[in-house]
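A.B. asks: Sharing query-v8.cif (mmCIF, C-alpha atoms) below.
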data_run
#
loop_
_atom_site.group_PDB
_atom_site.id
_atom_site.type_symbol
_atom_site.label_atom_id
_atom_site.label_comp_id
_atom_site.auth_asym_id
_atom_site.auth_seq_id
_atom_site.Cartn_x
_atom_site.Cartn_y
_atom_site.Cartn_z
ATOM 1 C CA ALA T 605 0.000 0.000 0.000
ATOM 2 C CA ASN T 606 2.867 2.384 0.755
ATOM 3 C CA VAL T 607 4.389 1.795 -2.669
ATOM 4 C CA ILE T 608 1.042 2.421 -4.390
ATOM 5 C CA THR T 609 0.483 5.583 -2.342
ATOM 6 C CA ALA T 610 3.950 6.817 -3.320
ATOM 7 C CA GLU T 611 3.094 6.082 -6.964
ATOM 8 C CA LEU T 612 -0.161 8.047 -6.661
ATOM 9 C CA ILE T 613 1.692 11.009 -5.171
ATOM 10 C CA HIS T 614 4.168 10.761 -8.061
ATOM 11 C CA LYS T 615 1.326 10.769 -10.615
ATOM 12 C CA LEU T 616 -0.454 13.696 -8.947
ATOM 13 C CA THR T 617 2.579 15.911 -8.364
ATOM 14 C CA GLY T 618 5.014 14.697 -11.005
ATOM 15 C CA ASP T 619 7.719 14.317 -8.338
ATOM 16 C CA PRO T 620 8.854 10.807 -7.431
ATOM 17 C CA VAL T 621 8.717 9.881 -3.743
ATOM 18 C CA THR T 622 11.746 7.875 -2.665
ATOM 19 C CA TYR T 623 11.836 5.484 0.272
ATOM 20 C CA VAL T 624 13.873 7.971 2.319
ATOM 21 C CA GLU T 625 11.375 10.769 1.636
ATOM 22 C CA TRP T 626 8.539 8.442 2.618
ATOM 23 C CA MET T 627 10.370 7.571 5.848
ATOM 24 C CA VAL T 628 10.863 11.250 6.698
ATOM 25 C CA TYR T 629 7.083 11.599 6.945
ATOM 26 C CA ALA T 630 6.009 8.118 8.029
ATOM 27 C CA PHE T 631 8.592 7.266 10.709
ATOM 28 C CA PRO T 632 7.858 10.182 13.091
ATOM 29 C CA LEU T 633 4.140 9.506 12.702
ATOM 30 C CA SER T 634 4.695 5.818 13.584
ATOM 31 C CA ILE T 635 6.711 6.782 16.651
ATOM 32 C CA ILE T 636 3.890 9.076 17.786
ATOM 33 C CA LEU T 637 1.106 6.589 17.043
ATOM 34 C CA LEU T 638 2.798 3.565 18.642
ATOM 35 C CA PRO T 639 2.179 4.614 22.280
ATOM 36 C CA VAL T 640 -1.261 5.934 21.317
ATOM 37 C CA LEU T 641 -2.159 2.563 19.800
ATOM 38 C CA TRP T 642 -0.790 0.747 22.866
ATOM 39 C CA TRP T 643 -2.912 2.937 25.158
ATOM 40 C CA VAL T 644 -6.075 2.394 23.061
ATOM 41 C CA LEU T 645 -5.538 -1.372 22.982
ATOM 42 C CA VAL T 646 -4.926 -1.574 26.738
ATOM 43 C CA LYS T 647 -8.029 0.525 27.443
ATOM 44 C CA CYS T 648 -10.287 -1.336 24.992
ATOM 45 C CA PHE T 649 -8.901 -4.804 25.719
ATOM 46 C CA PRO T 650 -7.527 -4.864 29.265
ATOM 47 C CA PRO T 651 -4.998 -7.657 29.825
ATOM 48 C CA GLU T 652 -6.413 -10.746 31.475
ATOM 49 C CA VAL T 653 -3.045 -11.695 32.984
ATOM 50 C CA LYS T 654 -1.541 -9.026 35.213
ATOM 51 C CA GLU T 655 1.816 -10.728 35.709
ATOM 52 C CA PHE T 656 3.716 -13.301 33.670
ATOM 53 C CA PRO T 657 4.526 -16.291 35.889
ATOM 54 C CA GLY T 658 8.259 -16.848 36.055
ATOM 55 C CA GLY T 659 9.031 -13.503 34.416
ATOM 56 C CA LYS T 660 12.679 -12.927 33.507
ATOM 57 C CA GLU T 661 13.780 -16.459 34.324
ATOM 58 C CA VAL T 662 11.420 -17.992 31.744
ATOM 59 C CA PHE T 663 12.634 -15.610 29.057
ATOM 60 C CA LYS T 664 16.299 -16.262 29.910
ATOM 61 C CA ARG T 665 15.678 -20.027 29.758
ATOM 62 C CA LYS T 666 13.839 -19.764 26.417
ATOM 63 C CA LEU T 667 16.638 -17.609 24.999
ATOM 64 C CA ALA T 668 19.238 -20.164 26.122
ATOM 65 C CA GLU T 669 17.161 -22.945 24.470
ATOM 66 C CA LEU T 670 17.336 -21.087 21.153
ATOM 67 C CA GLY T 671 21.113 -21.365 21.145
ATOM 68 C CA PRO T 672 23.475 -19.278 19.009
ATOM 69 C CA VAL T 673 22.361 -17.545 15.820
ATOM 70 C CA SER T 674 22.345 -20.086 12.978
ATOM 71 C CA GLY T 675 23.823 -19.618 9.515
ATOM 72 C CA ALA T 676 20.335 -19.450 7.964
ATOM 73 C CA GLU T 677 19.342 -16.715 10.420
ATOM 74 C CA LYS T 678 22.498 -14.746 9.579
ATOM 75 C CA ARG T 679 21.771 -15.100 5.843
ATOM 76 C CA CYS T 680 18.189 -13.959 6.423
ATOM 77 C CA LEU T 681 19.415 -10.920 8.343
ATOM 78 C CA GLY T 682 21.906 -10.180 5.546
ATOM 79 C CA ILE T 683 19.148 -10.348 2.919
ATOM 80 C CA LEU T 684 16.978 -7.986 4.978
ATOM 81 C CA VAL T 685 19.883 -5.534 5.366
ATOM 82 C CA LEU T 686 20.507 -5.698 1.593
ATOM 83 C CA THR T 687 16.823 -5.035 0.910
ATOM 84 C CA PHE T 688 16.791 -2.077 3.286
ATOM 85 C CA ALA T 689 19.962 -0.725 1.632
ATOM 86 C CA ILE T 690 18.346 -0.983 -1.826
ATOM 87 C CA TRP T 691 15.302 0.888 -0.527
ATOM 88 C CA MET T 692 17.349 3.580 1.220
ATOM 89 C CA THR T 693 19.472 4.251 -1.894
ATOM 90 C CA GLU T 694 16.539 4.386 -4.306
ATOM 91 C CA GLY T 695 17.266 8.052 -5.020
ATOM 92 C CA TRP T 696 20.752 7.158 -6.297
ATOM 93 C CA HIS T 697 20.166 4.091 -8.434
ATOM 94 C CA GLY T 698 16.549 4.713 -9.463
ATOM 95 C CA LEU T 699 15.349 1.131 -8.883
ATOM 96 C CA HIS T 700 11.726 0.937 -7.811
ATOM 97 C CA SER T 701 11.034 -0.233 -4.242
ATOM 98 C CA SER T 702 9.353 -3.359 -5.547
ATOM 99 C CA VAL T 703 12.645 -4.442 -7.182
ATOM 100 C CA GLY T 704 14.335 -4.642 -3.775
ATOM 101 C CA ALA T 705 11.422 -6.669 -2.408
ATOM 102 C CA MET T 706 11.533 -9.084 -5.358
ATOM 103 C CA ILE T 707 15.290 -9.521 -4.978
ATOM 104 C CA ALA T 708 14.746 -10.343 -1.292
ATOM 105 C CA VAL T 709 12.076 -12.938 -2.050
ATOM 106 C CA ILE T 710 14.251 -14.589 -4.691
ATOM 107 C CA LEU T 711 17.298 -14.651 -2.418
ATOM 108 C CA MET T 712 15.298 -16.010 0.517
ATOM 109 C CA CYS T 713 14.037 -18.919 -1.605
ATOM 110 C CA LEU T 714 17.307 -19.762 -3.390
ATOM 111 C CA PRO T 715 18.749 -23.098 -2.244
ATOM 112 C CA GLY T 716 21.905 -22.643 -0.182
ATOM 113 C CA VAL T 717 21.509 -18.861 -0.094
ATOM 114 C CA GLY T 718 18.148 -18.185 1.465
ATOM 115 C CA CYS T 719 16.694 -19.111 4.796
ATOM 116 C CA SER T 720 13.406 -20.515 3.530
ATOM 117 C CA ARG T 721 12.910 -23.992 2.160
ATOM 118 C CA TRP T 722 10.736 -24.445 -0.924
ATOM 119 C CA GLU T 723 8.422 -26.820 0.955
ATOM 120 C CA ARG T 724 7.745 -24.174 3.589
ATOM 121 C CA THR T 725 7.331 -21.467 0.961
ATOM 122 C CA MET T 726 4.639 -23.554 -0.730
ATOM 123 C CA GLN T 727 2.781 -23.874 2.602
ATOM 124 C CA ILE T 728 2.180 -20.116 2.726
ATOM 125 C CA SER T 729 -1.502 -19.250 2.762
ATOM 126 C CA TRP T 730 -1.802 -17.546 -0.607
ATOM 127 C CA ASP T 731 -5.366 -16.413 0.146
ATOM 128 C CA SER T 732 -4.157 -13.275 1.936
ATOM 129 C CA VAL T 733 -1.528 -12.527 -0.699
ATOM 130 C CA ILE T 734 -4.097 -12.824 -3.506
ATOM 131 C CA LEU T 735 -6.673 -10.751 -1.597
ATOM 132 C CA ILE T 736 -4.189 -7.935 -0.996
ATOM 133 C CA ALA T 737 -2.897 -8.066 -4.579
ATOM 134 C CA ALA T 738 -6.446 -8.013 -5.971
ATOM 135 C CA THR T 739 -7.585 -5.083 -3.847
ATOM 136 C CA LEU T 740 -4.432 -3.076 -4.604
ATOM 137 C CA SER T 741 -4.854 -3.826 -8.324
ATOM 138 C CA LEU T 742 -8.499 -2.741 -8.201
ATOM 139 C CA GLY T 743 -7.510 0.451 -6.404
ATOM 140 C CA SER T 744 -4.837 1.150 -8.998
ATOM 141 C CA ALA T 745 -7.302 0.490 -11.832
ATOM 142 C CA ALA T 746 -9.827 2.803 -10.169
ATOM 143 C CA ASN T 747 -7.241 5.578 -10.113
ATOM 144 C CA GLN T 748 -6.459 5.039 -13.792
ATOM 145 C CA GLY T 749 -9.963 5.743 -15.024
ATOM 146 C CA ALA T 750 -12.212 2.933 -13.834
ATOM 147 C CA ALA T 751 -13.664 5.153 -11.076
ATOM 148 C CA GLN T 752 -14.736 7.784 -13.613
ATOM 149 C CA PHE T 753 -16.262 5.068 -15.823
ATOM 150 C CA ILE T 754 -18.246 3.567 -12.913
ATOM 151 C CA ALA T 755 -19.367 7.000 -11.709
ATOM 152 C CA GLY T 756 -20.493 7.881 -15.232
ATOM 153 C CA ALA T 757 -22.429 4.624 -15.448
ATOM 154 C CA PHE T 758 -24.174 5.252 -12.109
ATOM 155 C CA PHE T 759 -25.043 8.862 -12.878
ATOM 156 C CA GLY T 760 -26.395 7.837 -16.266
ATOM 157 C CA LEU T 761 -29.067 5.673 -14.594
ATOM 158 C CA GLY T 762 -31.638 8.438 -14.183
ATOM 159 C CA LEU T 763 -33.257 8.291 -10.728
ATOM 160 C CA VAL T 764 -30.406 6.190 -9.257
ATOM 161 C CA GLY T 765 -27.892 8.751 -10.494
ATOM 162 C CA GLU T 766 -29.876 11.583 -8.933
ATOM 163 C CA VAL T 767 -30.057 9.753 -5.582
ATOM 164 C CA LEU T 768 -26.313 9.056 -5.661
ATOM 165 C CA ALA T 769 -25.640 12.775 -6.103
ATOM 166 C CA TYR T 770 -26.302 13.092 -2.354
ATOM 167 C CA PRO T 771 -23.112 12.222 -0.433
ATOM 168 C CA VAL T 772 -24.900 10.197 2.264
ATOM 169 C CA PHE T 773 -26.512 7.892 -0.298
ATOM 170 C CA ALA T 774 -23.287 7.642 -2.279
ATOM 171 C CA ILE T 775 -21.395 6.551 0.858
ATOM 172 C CA LEU T 776 -24.110 4.015 1.698
ATOM 173 C CA MET T 777 -23.948 2.621 -1.852
ATOM 174 C CA ILE T 778 -20.149 2.372 -1.697
ATOM 175 C CA ALA T 779 -20.375 0.585 1.668
ATOM 176 C CA LEU T 780 -22.969 -1.835 0.254
ATOM 177 C CA VAL T 781 -20.957 -2.615 -2.886
ATOM 178 C CA THR T 782 -17.785 -3.010 -0.788
ATOM 179 C CA GLN T 783 -19.485 -5.474 1.545
ATOM 180 C CA ILE T 784 -20.834 -7.484 -1.372
ATOM 181 C CA TYR T 785 -17.396 -7.533 -2.993
#
Is it possible to express this structure as structure tokens?

C.D. replies:
Amino acid sequence: ANVITAELIHKLTGDPVTYVEWMVYAFPLSIILLPVLWWVLVKCFPPEVKEFPGGKEVFKRKLAELGPVSGAEKRCLGILVLTFAIWMTEGWHGLHSSVGAMIAVILMCLPGVGCSRWERTMQISWDSVILIAATLSLGSAANQGAAQFIAGAFFGLGLVGEVLAYPVFAILMIALVTQIY
């Protein structure tokens, strides 16, 4: 969604938005919203357990059970650092943010290089991936003219078009169509 939003800003203003520029605006907002979100969650959903039994000792024991960092974990960390570096230097090399993400996925799945096995990769629930890809594609298509086409079709329906001219009814219709979709 961030990449698509950056693309929309680029189309509207004509100026490309690099990863670093996006971070300049998004990171401070995340830092501000993180404690706000924590407070809202604690107030809306108070914790059922007030104290974790065993506390520090349990965490120390679990950490010791994990053992040292494995080679696969180091490779995974290296791939993530490489991806972040590609994103941070987007203004220099001009590669789109999605290129860095695709390189990371390929490296993570390569035998001997990555940290994911093909069998595990194939066990990923693709439902969520397809849902997100479909909704982002529909949103992109809507911004490229489909929204004007649909609006023109609705407003050309006589009485329905006149009813949809009122914002309240238009919002209700959008909510209804969204729920059906």

A.B. asks: Calculated over only C-alpha atoms, which of the candidates T:Met692, T:Arg721, T:Pro657, T:Glu669 has the smallest distance to Val628 (chain T)?

C.D. replies: T:Met692

A.B. asks: Compile the contact shell of Pro651 (chain T) as a PDB file with C-alpha atoms, in the frame of the given file: residues with an atom at most 12 Å away, counting only C-alpha atoms, same-chain residues fewer than 6 positions apart removed.

C.D. replies:
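Contents of the output file around-v4.pdb:
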ATOM      1  CA  TRP T 642      -0.790   0.747  22.866  1.00  0.00           C
ATOM      2  CA  TRP T 643      -2.912   2.937  25.158  1.00  0.00           C
ATOM      3  CA  LEU T 645      -5.538  -1.372  22.982  1.00  0.00           C
TER       4      LEU T 645
END

A.B. asks: So what does the PyMOL selection byres ((chain T and resi 727-744) around 12) actually pick up in this one, as a PyMOL selection string?

C.D. replies: chain T and resi 605-612+615+720-726+745-751+782+785

A.B. asks: If I take CA of Ala708 (chain T) and CA of Thr622 (chain T), how far is one from the other in Å, to one decimal?

C.D. replies: 18.5 Å

A.B. asks: Can you tell me how far CA of Gly618 (chain T) sits from CA of His700 (chain T), in Å to one decimal?

C.D. replies: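 One can read the CA of Gly618 (chain T) to CA of His700 (chain T) distance as 15.6 Å.
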
A.B. asks: Quick one: distance from CA of Leu711 (chain T) to CA of Val685 (chain T) in Å, one decimal?

C.D. replies: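 So the two atoms, CA of Leu711 (chain T) and CA of Val685 (chain T), lie 12.3 Å apart.
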
A.B. asks: Here's the selection I'm unsure about, the PyMOL selection byres ((chain T and resi 624) around 12); applied to the file above, which residues does it give, as a compact mmCIF listing (two decimals) with C-alpha atoms, in the frame of the given file?

C.D. replies:
# COMPACT_ATOMS: atom_id res chain seq x y z
CA ALA T 610 3.95 6.82 -3.32
CA PRO T 620 8.85 10.81 -7.43
CA VAL T 621 8.72 9.88 -3.74
CA THR T 622 11.75 7.88 -2.66
CA TYR T 623 11.84 5.48 0.27
CA GLU T 625 11.38 10.77 1.64
CA TRP T 626 8.54 8.44 2.62
CA MET T 627 10.37 7.57 5.85
CA VAL T 628 10.86 11.25 6.70
CA TYR T 629 7.08 11.60 6.94
CA ALA T 630 6.01 8.12 8.03
CA PHE T 631 8.59 7.27 10.71
CA PHE T 688 16.79 -2.08 3.29
CA ALA T 689 19.96 -0.72 1.63
CA ILE T 690 18.35 -0.98 -1.83
CA TRP T 691 15.30 0.89 -0.53
CA MET T 692 17.35 3.58 1.22
CA THR T 693 19.47 4.25 -1.89
CA GLU T 694 16.54 4.39 -4.31
CA GLY T 695 17.27 8.05 -5.02
CA TRP T 696 20.75 7.16 -6.30
CA SER T 701 11.03 -0.23 -4.24

A.B. asks: Since the input lacks some atoms of region 667-678 of chain T, please model all heavy atoms and print them as a CSV table (one decimal), in the frame of the given file.

C.D. replies:
chain,number,residue,atom,x,y,z
T,667,LEU,N,15.6,-18.2,25.8
T,667,LEU,CA,16.6,-17.6,25.0
T,667,LEU,C,17.8,-18.6,24.9
T,667,LEU,O,18.4,-18.8,23.9
T,667,LEU,CB,17.1,-16.2,25.5
T,667,LEU,CG,18.1,-15.5,24.7
T,667,LEU,CD1,17.6,-15.2,23.3
T,667,LEU,CD2,18.5,-14.2,25.4
T,668,ALA,N,18.1,-19.2,26.1
T,668,ALA,CA,19.2,-20.2,26.1
T,668,ALA,C,18.9,-21.4,25.3
T,668,ALA,O,19.8,-22.0,24.6
T,668,ALA,CB,19.5,-20.6,27.6
T,669,GLU,N,17.6,-21.8,25.3
T,669,GLU,CA,17.2,-22.9,24.5
T,669,GLU,C,17.3,-22.7,23.0
T,669,GLU,O,17.5,-23.6,22.2
T,669,GLU,CB,15.7,-23.3,24.8
T,669,GLU,CG,15.5,-23.9,26.1
T,669,GLU,CD,14.0,-24.1,26.4
T,669,GLU,OE1,13.2,-23.9,25.5
T,669,GLU,OE2,13.7,-24.4,27.6
T,670,LEU,N,17.2,-21.4,22.6
T,670,LEU,CA,17.3,-21.1,21.2
T,670,LEU,C,18.8,-21.3,20.7
T,670,LEU,O,19.0,-21.7,19.5
T,670,LEU,CB,17.0,-19.6,20.9
T,670,LEU,CG,15.5,-19.3,21.0
T,670,LEU,CD1,15.3,-17.8,20.8
T,670,LEU,CD2,14.7,-20.0,19.9
T,671,GLY,N,19.7,-21.1,21.5
T,671,GLY,CA,21.1,-21.4,21.1
T,671,GLY,C,21.7,-20.2,20.3
T,671,GLY,O,21.0,-19.2,20.2
T,672,PRO,N,22.9,-20.4,19.8
T,672,PRO,CA,23.5,-19.3,19.0
T,672,PRO,C,22.7,-19.1,17.7
T,672,PRO,O,22.0,-19.9,17.2
T,672,PRO,CB,24.9,-19.8,18.8
T,672,PRO,CG,24.8,-21.2,18.9
T,672,PRO,CD,23.7,-21.5,19.9
T,673,VAL,N,23.0,-17.9,17.1
T,673,VAL,CA,22.4,-17.5,15.8
T,673,VAL,C,22.9,-18.5,14.7
T,673,VAL,O,24.1,-18.7,14.6
T,673,VAL,CB,22.7,-16.1,15.5
T,673,VAL,CG1,22.1,-15.7,14.1
T,673,VAL,CG2,22.2,-15.1,16.5
T,674,SER,N,22.0,-19.1,14.0
T,674,SER,CA,22.3,-20.1,13.0
T,674,SER,C,22.8,-19.4,11.7
T,674,SER,O,22.6,-18.2,11.5
T,674,SER,CB,21.2,-21.0,12.7
T,674,SER,OG,20.2,-20.3,12.0
T,675,GLY,N,23.4,-20.1,10.8
T,675,GLY,CA,23.8,-19.6,9.5
T,675,GLY,C,22.6,-19.1,8.7
T,675,GLY,O,22.7,-18.1,8.0
T,676,ALA,N,21.5,-19.9,8.7
T,676,ALA,CA,20.3,-19.4,8.0
T,676,ALA,C,19.8,-18.1,8.5
T,676,ALA,O,19.4,-17.3,7.7
T,676,ALA,CB,19.3,-20.5,8.0
T,677,GLU,N,19.8,-18.0,9.8
T,677,GLU,CA,19.3,-16.7,10.4
T,677,GLU,C,20.3,-15.5,10.0
T,677,GLU,O,19.8,-14.4,9.8
T,677,GLU,CB,19.3,-16.9,11.9
T,677,GLU,CG,18.2,-17.8,12.4
T,677,GLU,CD,18.2,-18.2,13.8
T,677,GLU,OE1,19.3,-18.1,14.4
T,677,GLU,OE2,17.2,-18.6,14.4
T,678,LYS,N,21.6,-15.8,10.0
T,678,LYS,CA,22.5,-14.7,9.6
T,678,LYS,C,22.3,-14.4,8.1
T,678,LYS,O,22.3,-13.2,7.8
T,678,LYS,CB,23.9,-15.2,9.8
T,678,LYS,CG,24.3,-15.3,11.2
T,678,LYS,CD,25.8,-15.8,11.4
T,678,LYS,CE,26.1,-16.0,12.9
T,678,LYS,NZ,27.4,-16.6,13.0
